[in-house]
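Student: Here it is: the structure, laid out below.
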Amino acid sequence: LDMEFTGLHSTFSQNNKPSLFDSPVERYLKARQSVQRFTVTQLGLAIFLNENPNKDFFCFIVGSNFFLFPSTLGVTDVEFTLSASSIQFLSRYGFDYNKFLKDGIPYMNEVQEKMLSQHLLEGSWKVSSTLDRDVLKKAIDEVTCWIATAKEEETMTLQDLSGYQMIEVQLVLRHALQNVWTQPLGDSKVMVKKVSPQHRQLLENSSYDFCQKDLILLSARGFTNLFQTLVKAKKPLVGHNMLMDLMHLHDKFYKPLPESYEEFKRNIHNLFPVLIDTKTVTKSIWKQCLFPRASNLLEVYTVLCSSNLNPEDPMCPVIAFASDCSRYTEKKSPHEAGYDAFLCGSVLLKSAHLLLCRSRDDGVEADPSFSQYLSVLAEYLNKVNFIRGGVSSINFSGEDAPCQHPPALVVHVRGWPGLNERQIYQEFKALCRFDVRQLSKNQFILLSNKFKQLVLRDYKQHPHLRVSFYRHWRHSPSVNCLLQVSSIVALWSLLAFVLGRAP
């Protein structure tokens, strides 16, 4: 699975970007704000089937690329933000915004569905879109003028209706006029018939009613129906750096993201019991093997497909494409969700095969199964990669590992009043990539995965800034506070002792 969004990190809050200081809980709360502001533009699924024709191992791929757009039926009117950099990035790779805006498949979560169901039950139908309100007004005017002179069983046709307008026109007309019946004709048309109240009642209770509540909800759920099918299937779900994907899946198709990080983890584990993040897997393999550095999913795939990797291994998985996915064999389509989903599955199979080969001295048998691949992936299951933070991964089937931060530097400020984190960042950013957090009024902590000695050397003679390695017992505000309190208590105890002996 892979997803594209209208943005990644919200600038609504100054402190919303990922930081090396972040614990999993802090990162979740930051990402939650972003997920609530942005939406999904595209979702890609690649389904791999494990088959063994002629005793060779093949994986046949069925790839799908879905453009998605929030449901606008009835009172539902979702607001979302566009990040200029994300839009520019997707445009560079040929993203079709017309398909996203005009042809995007609707979706909704359980809360939105419950709200829509309630309005359908009460008959309190409202249209949120200004365009749809204009279309409805025009249709109601036409039908009102026609029905005044029409005879029973006479019909008329409303034309040029699109999408949900066909449903909304019928619901509004039926609610307003008790002597009409409506029926979709296809091709953006709706037939309106004048009927008696008795005939109308019979039609409402028949199986020919296309405006039944269940059918409307089925249409409004759109892609959520497929999401629910994925949940029921309980198949391993594979992604690359998939934390944001999982958060959007929860928020857009299941329920709004909870405030509790632990509740989010439990919900995701119940929905998808087996998660595999190829970033977590390949990060480990890259440490074990002397592979060329790969910065993105396509580069990882290219390295793993290299003929130099397993030149003597005829059993390496062969990816055979389904007939309707042939264009992915002809050209690369990075950052198209369907193509990236295919890359995820392919990287997983090739990584698993590599791990299986390394775990057996006598080689791999001629017919490796997916269950064997899962067995060598056991330590990576449900471990989702954590970018720039206190842990390397989030464990969705248990407790997270304790946070471990890289060695830190502390900056002491003298004679530079009002200095803040942003100014500190501007001061040091040319020397290395780091994150900064204020420790006290005149102290700041710098965290980096790799400090350059230039930082310590160049600030030895600085008039206002002094840089040293951070020592918890020396620089921690809580330790300093405890020492100060202890000193005061000790001083008063000594004073009381001396004064007590004075007579």
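Every chain in the structure tokens takes a letter, A first, then B, and so on in the order presented; its residues are numbered from 1, and the ligands are numbered from 1 following the presented order.
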Within 12 Å of Lys283 of chain A, counting only C-alpha atoms, which residues qualify if same-chain residues fewer than 2 places away don't, as a list of chain:residue names?
Tutor: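 In the requested form, the answer reads A:His240, A:Asn241, A:Asp277, A:Thr278, A:Lys279, A:Thr280, A:Val281, A:Ile285, A:Trp286, A:Lys287, A:Gln288, A:Cys289, A:Leu290, A:Phe291, A:Arg293, A:Ala294, A:Ser295, A:Asn296, A:Leu297, A:Val300, A:Ser351, A:Tyr380, A:Lys383, A:Val384, A:Asn385, A:Phe386, A:Ile387, A:Ser392, A:Ser393.
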Student: Need to verify the contact set: Gln42 of chain A, 8 Å, only C-alpha atoms, exclusion of same-chain residues closer than 5 positions in sequence. Can you return it as a ChimeraX atom specification?
Tutor: /A:3-5,65-68,100,336-337
Student: Next, dump the selected residues to file, keeping only N, CA, C and O atoms, as a short mmCIF file (atom, residue, chain, number, x, y, z; two decimals), in the first residue's frame.
Tutor:
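Printed below is part.cif as written:
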data_model
loop_
_atom_site.label_atom_id
_atom_site.label_comp_id
_atom_site.auth_asym_id
_atom_site.auth_seq_id
_atom_site.Cartn_x
_atom_site.Cartn_y
_atom_site.Cartn_z
N MET A 3 0.29 5.83 -0.28
CA MET A 3 -0.67 6.93 -0.36
C MET A 3 0.05 8.24 -0.66
O MET A 3 1.21 8.43 -0.29
N GLU A 4 -0.65 9.13 -1.35
CA GLU A 4 -0.17 10.50 -1.57
C GLU A 4 -1.15 11.45 -0.89
O GLU A 4 -2.35 11.19 -0.85
N PHE A 5 -0.63 12.58 -0.39
CA PHE A 5 -1.44 13.51 0.40
C PHE A 5 -1.33 14.93 -0.15
O PHE A 5 -0.43 15.24 -0.94
N ASN A 65 -4.68 1.92 -8.79
CA ASN A 65 -4.33 3.29 -8.45
C ASN A 65 -5.63 4.08 -8.30
O ASN A 65 -6.31 4.36 -9.28
N PHE A 66 -6.00 4.44 -7.08
CA PHE A 66 -7.29 5.09 -6.82
C PHE A 66 -7.09 6.58 -6.53
O PHE A 66 -6.33 6.95 -5.64
N PHE A 67 -7.77 7.42 -7.30
CA PHE A 67 -7.87 8.83 -6.95
C PHE A 67 -9.04 8.99 -5.98
O PHE A 67 -10.14 8.47 -6.24
N LEU A 68 -8.82 9.68 -4.88
CA LEU A 68 -9.84 9.80 -3.83
C LEU A 68 -10.18 11.26 -3.59
O LEU A 68 -9.34 12.15 -3.73
N PHE A 100 -8.23 13.88 -9.52
CA PHE A 100 -8.42 14.01 -8.08
C PHE A 100 -9.66 14.84 -7.77
O PHE A 100 -10.52 14.43 -6.96
N GLU A 336 3.69 7.72 -8.03
CA GLU A 336 2.32 7.34 -8.36
C GLU A 336 1.99 6.22 -7.39
O GLU A 336 2.74 5.24 -7.30
N ALA A 337 0.91 6.35 -6.65
CA ALA A 337 0.67 5.47 -5.51
C ALA A 337 0.65 3.99 -5.91
O ALA A 337 1.18 3.14 -5.19
#
Student: Would you mind listing what lies within 9 Å of segment 342-348 of chain A as JSON, numbers by chain, with only C-alpha atoms counted and same-chain residues fewer than 2 positions away left out?
Tutor: {"A": [1, 2, 44, 45, 46, 47, 48, 59, 61, 62, 63, 238, 239, 240, 276, 277, 278, 281, 282, 297, 298, 300, 301, 304, 305, 317, 319, 328, 337, 338, 339, 340, 350, 351, 352, 353]}
Student: Point out the residue among A:Thr149, A:Gln438, A:Ser326, A:Asn270 with the least atom-to-atom distance to Phe396 of chain A, counting only C-alpha atoms.
Tutor: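 The answer is A:Asn270, which sits nearest to Phe396 of chain A.
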Student: Write out as a PyMOL selection string the set of residues from segment 54-259 of chain A that DSSP, computed on the backbone, places in helix (DSSP H, G or I).
Tutor: chain A and resi 54-55+84-92+97-103+110-122+130-147+165-176+197-204+213-221+223-233+243-254
Student: Hey, which of A:Phe321, A:Tyr254, A:Tyr164, A:Phe444 ends up closest to Asn109 of chain A? Count only C-alpha atoms.
Tutor: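 Using only C-alpha atoms, the shortest distance to Asn109 of chain A belongs to A:Tyr254.
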Student: Once you count only C-alpha atoms, what closest atom pair and distance in Å to one decimal does each residue of segment 131-162 of chain A within 10 Å of segment 187-190 of chain A have, with rows by chain and rising residue number, as JSON lines?
Tutor:
{"residue": "A:Met156", "atom": "CA", "partner": "A:Val190", "partner_atom": "CA", "distance": 8.5}
{"residue": "A:Thr157", "atom": "CA", "partner": "A:Val190", "partner_atom": "CA", "distance": 5.7}
{"residue": "A:Leu158", "atom": "CA", "partner": "A:Val190", "partner_atom": "CA", "distance": 5.2}
{"residue": "A:Gln159", "atom": "CA", "partner": "A:Lys189", "partner_atom": "CA", "distance": 4.5}
{"residue": "A:Asp160", "atom": "CA", "partner": "A:Ser188", "partner_atom": "CA", "distance": 5.3}
{"residue": "A:Leu161", "atom": "CA", "partner": "A:Ser188", "partner_atom": "CA", "distance": 4.6}
{"residue": "A:Ser162", "atom": "CA", "partner": "A:Ser188", "partner_atom": "CA", "distance": 5.6}
Student: Create the file for the chosen residues now, containing N, CA, C and O atoms and written as a PDB file, in the first residue's frame.
Tutor:
ATOM      1  N   MET A 156     -41.454  13.383 -16.959  1.00  0.00           N
ATOM      2  CA  MET A 156     -40.538  14.362 -17.540  1.00  0.00           C
ATOM      3  C   MET A 156     -39.113  13.936 -17.162  1.00  0.00           C
ATOM      4  O   MET A 156     -38.923  13.091 -16.282  1.00  0.00           O
ATOM      5  N   THR A 157     -38.120  14.514 -17.835  1.00  0.00           N
ATOM      6  CA  THR A 157     -36.727  14.127 -17.583  1.00  0.00           C
ATOM      7  C   THR A 157     -35.886  15.345 -17.216  1.00  0.00           C
ATOM      8  O   THR A 157     -35.919  16.359 -17.907  1.00  0.00           O
ATOM      9  N   LEU A 158     -35.170  15.219 -16.106  1.00  0.00           N
ATOM     10  CA  LEU A 158     -34.186  16.220 -15.704  1.00  0.00           C
ATOM     11  C   LEU A 158     -32.818  15.789 -16.232  1.00  0.00           C
ATOM     12  O   LEU A 158     -32.435  14.621 -16.105  1.00  0.00           O
ATOM     13  N   GLN A 159     -32.084  16.723 -16.812  1.00  0.00           N
ATOM     14  CA  GLN A 159     -30.819  16.370 -17.454  1.00  0.00           C
ATOM     15  C   GLN A 159     -29.643  17.133 -16.841  1.00  0.00           C
ATOM     16  O   GLN A 159     -29.819  18.014 -16.004  1.00  0.00           O
ATOM     17  N   ASP A 160     -28.463  16.765 -17.295  1.00  0.00           N
ATOM     18  CA  ASP A 160     -27.206  17.431 -16.897  1.00  0.00           C
ATOM     19  C   ASP A 160     -26.979  17.408 -15.387  1.00  0.00           C
ATOM     20  O   ASP A 160     -26.561  18.403 -14.789  1.00  0.00           O
ATOM     21  N   LEU A 161     -27.233  16.269 -14.774  1.00  0.00           N
ATOM     22  CA  LEU A 161     -26.943  16.090 -13.351  1.00  0.00           C
ATOM     23  C   LEU A 161     -25.684  15.244 -13.222  1.00  0.00           C
ATOM     24  O   LEU A 161     -25.478  14.308 -13.994  1.00  0.00           O
ATOM     25  N   SER A 162     -24.847  15.565 -12.256  1.00  0.00           N
ATOM     26  CA  SER A 162     -23.591  14.827 -12.114  1.00  0.00           C
ATOM     27  C   SER A 162     -23.421  14.316 -10.698  1.00  0.00           C
ATOM     28  O   SER A 162     -23.861  14.953  -9.736  1.00  0.00           O
TER      29      SER A 162
END
Student: Quick one: pull the distance between atom CA of Gln443 of chain A and atom CA of His412 of chain A, Å, one decimal.
Tutor: 4.8 Å
Student: Let me make sure I understand: among A:Met247, A:Phe469, A:Leu419, A:Phe210, which one has the smallest atom-to-atom distance to Tyr261 of chain A if we use only C-alpha atoms?
Tutor: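 Distance minimum relative to Tyr261 of chain A lands on A:Met247.
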Student: Quick one: everything within 7 Å of Glu110 of chain A, counting only C-alpha atoms, minus sequence neighbours fewer than 3 positions away in the same chain. Send it as a count of residues only.
Tutor: 4
Student: Please return, as JSON, numbers by chain, all residues of segment 187-386 of chain A that DSSP assigns to strand (DSSP E or B) on the basis of the backbone.
Tutor: {"A": [189, 190, 191, 192, 193, 194, 222, 237, 238, 239, 275, 276, 277, 318, 319, 320, 321, 383, 384, 385]}
Student: List the neighbours of Phe434 of chain A out to 7 Å using only C-alpha atoms; skip same-chain residues closer than 4 positions along the sequence, and give me the result as a ChimeraX atom specification.
Tutor: /A:446-448
